[in-house]
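As structure tokens, the structure follows; a few thoughts come after it.
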Amino acid sequence: MVFFAVTGLVGYVSKGEFNLLGFNFHILHSWLGITALLFSIGVFIQGAFFKKRQSLHHCRLGYIAAVFSFSALLMGMLLLTGMVNLVPVGLPTVQVPTSSILPEIETREFLNVTLTPLSEQGNNAIKGTQYIDRSVYRLQVAGLVENELNLSYGDLLRLPAYSEVAYMPCVEGWGFTAKWTGFRLVDLLDIVGLKPNATYVVFHCSDGYTTGLPLDYLKANKTLLAYGINDITLPPERGFPFQLVAVNKYGYKWAKWITTIEVGDKVVEGFWESRGYSNNGDVGSSPVGG
């Protein structure tokens, strides 16, 4: 048990996501797991090196380790069921027309909502932060469209700009609220023109990551491709040049470093979806299976 716990902890730290500061469900889950590990190590050491002194204390250590282990397991199961990834209530659902020229001064409030500072926002990536050169970047729009396009960063900033406040919920139990500024994907798709059988959109990213969403969802939510967060240009770790703002979807649907948008007529399983995650990705439902 100690071996597997230590192995998991090493893997967790090596991903660069180890954070025990602040308070959210994910951090509490981490603390419970670490506490269970420490008590388990204590039980192991006492049993291996102090056999003559084994007593009621050894049993008590074992019971305590079991309680913390069970608590960590229970919280992990809650994460898997999606019960703890709830979007904060009362967030505005409006999109405000704005300018694509960002102030480049981080704002802490929008529409009377307190925003999470960039320094406190979590970030996951399959291959670490991607660094894309704005001057050579091109976004390709392909598939079931009338006119395939290859657009520069400047071309895309000329589309009508909007801002909205949205919460990005990770399946691990943490999340953050931010002001997102970008263009509506439907405005871009109107330019390329959709073929009648188009129903699904897949987003390809510079690190090989993929995920997809139904066209109906993207239209109904006027989904943004954001180039700004909290009034500053997306930093590389946040997804520059573009991050999908998939409102009411788990974070693995919020594609970053998008390079290609592919329109199709069938559901496609993305990177995590092909590994067992739900293809719907709806917040409040289980993020695995389905």
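Naming scheme: A, B, ... for chains in displayed order of the structure tokens; residues 1 onward per chain; ligands 1 onward as shown.
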Checklist entry - Tell me, which residues of stretch 93-252 of chain A carry DSSP alpha helix (DSSP H), written as a VMD selection string? => result chain A and resid 153 to 157 185 to 192 215 to 220
Checklist entry - Among stretch 56-245 of chain A, which ones does DSSP place in strand (DSSP E or B), written as a PyMOL selection string? => result chain A and resi 96-98+109-110+113-114+138-143+145+149-152+161-169+175-184+194+200-205+210-214+224-229+232-233+243-245
Checklist entry - Excluding same-chain residues fewer than 3 positions from A:Val165, what lies within 12 Å of it counting only C-alpha atoms, as a PyMOL selection string? => result chain A and resi 87-88+90-96+107-116+162+168+176-182+224+226+228-231+245-248
Next on the checklist: Quick check, in Å to one decimal: how far apart do atom CA of A:Val141 and atom CA of A:Thr98 lie?
Outcome noted: 24.4 Å
Item to check | Exercise: stretch 202-216 of chain A partners within 6 Å, only C-alpha atoms, chain neighbours under 6 positions left out, as a list in words | outcome: Trp257, Ile258, Thr259, Thr260, Ile261, Glu262, Gly270 and Phe271 of chain A
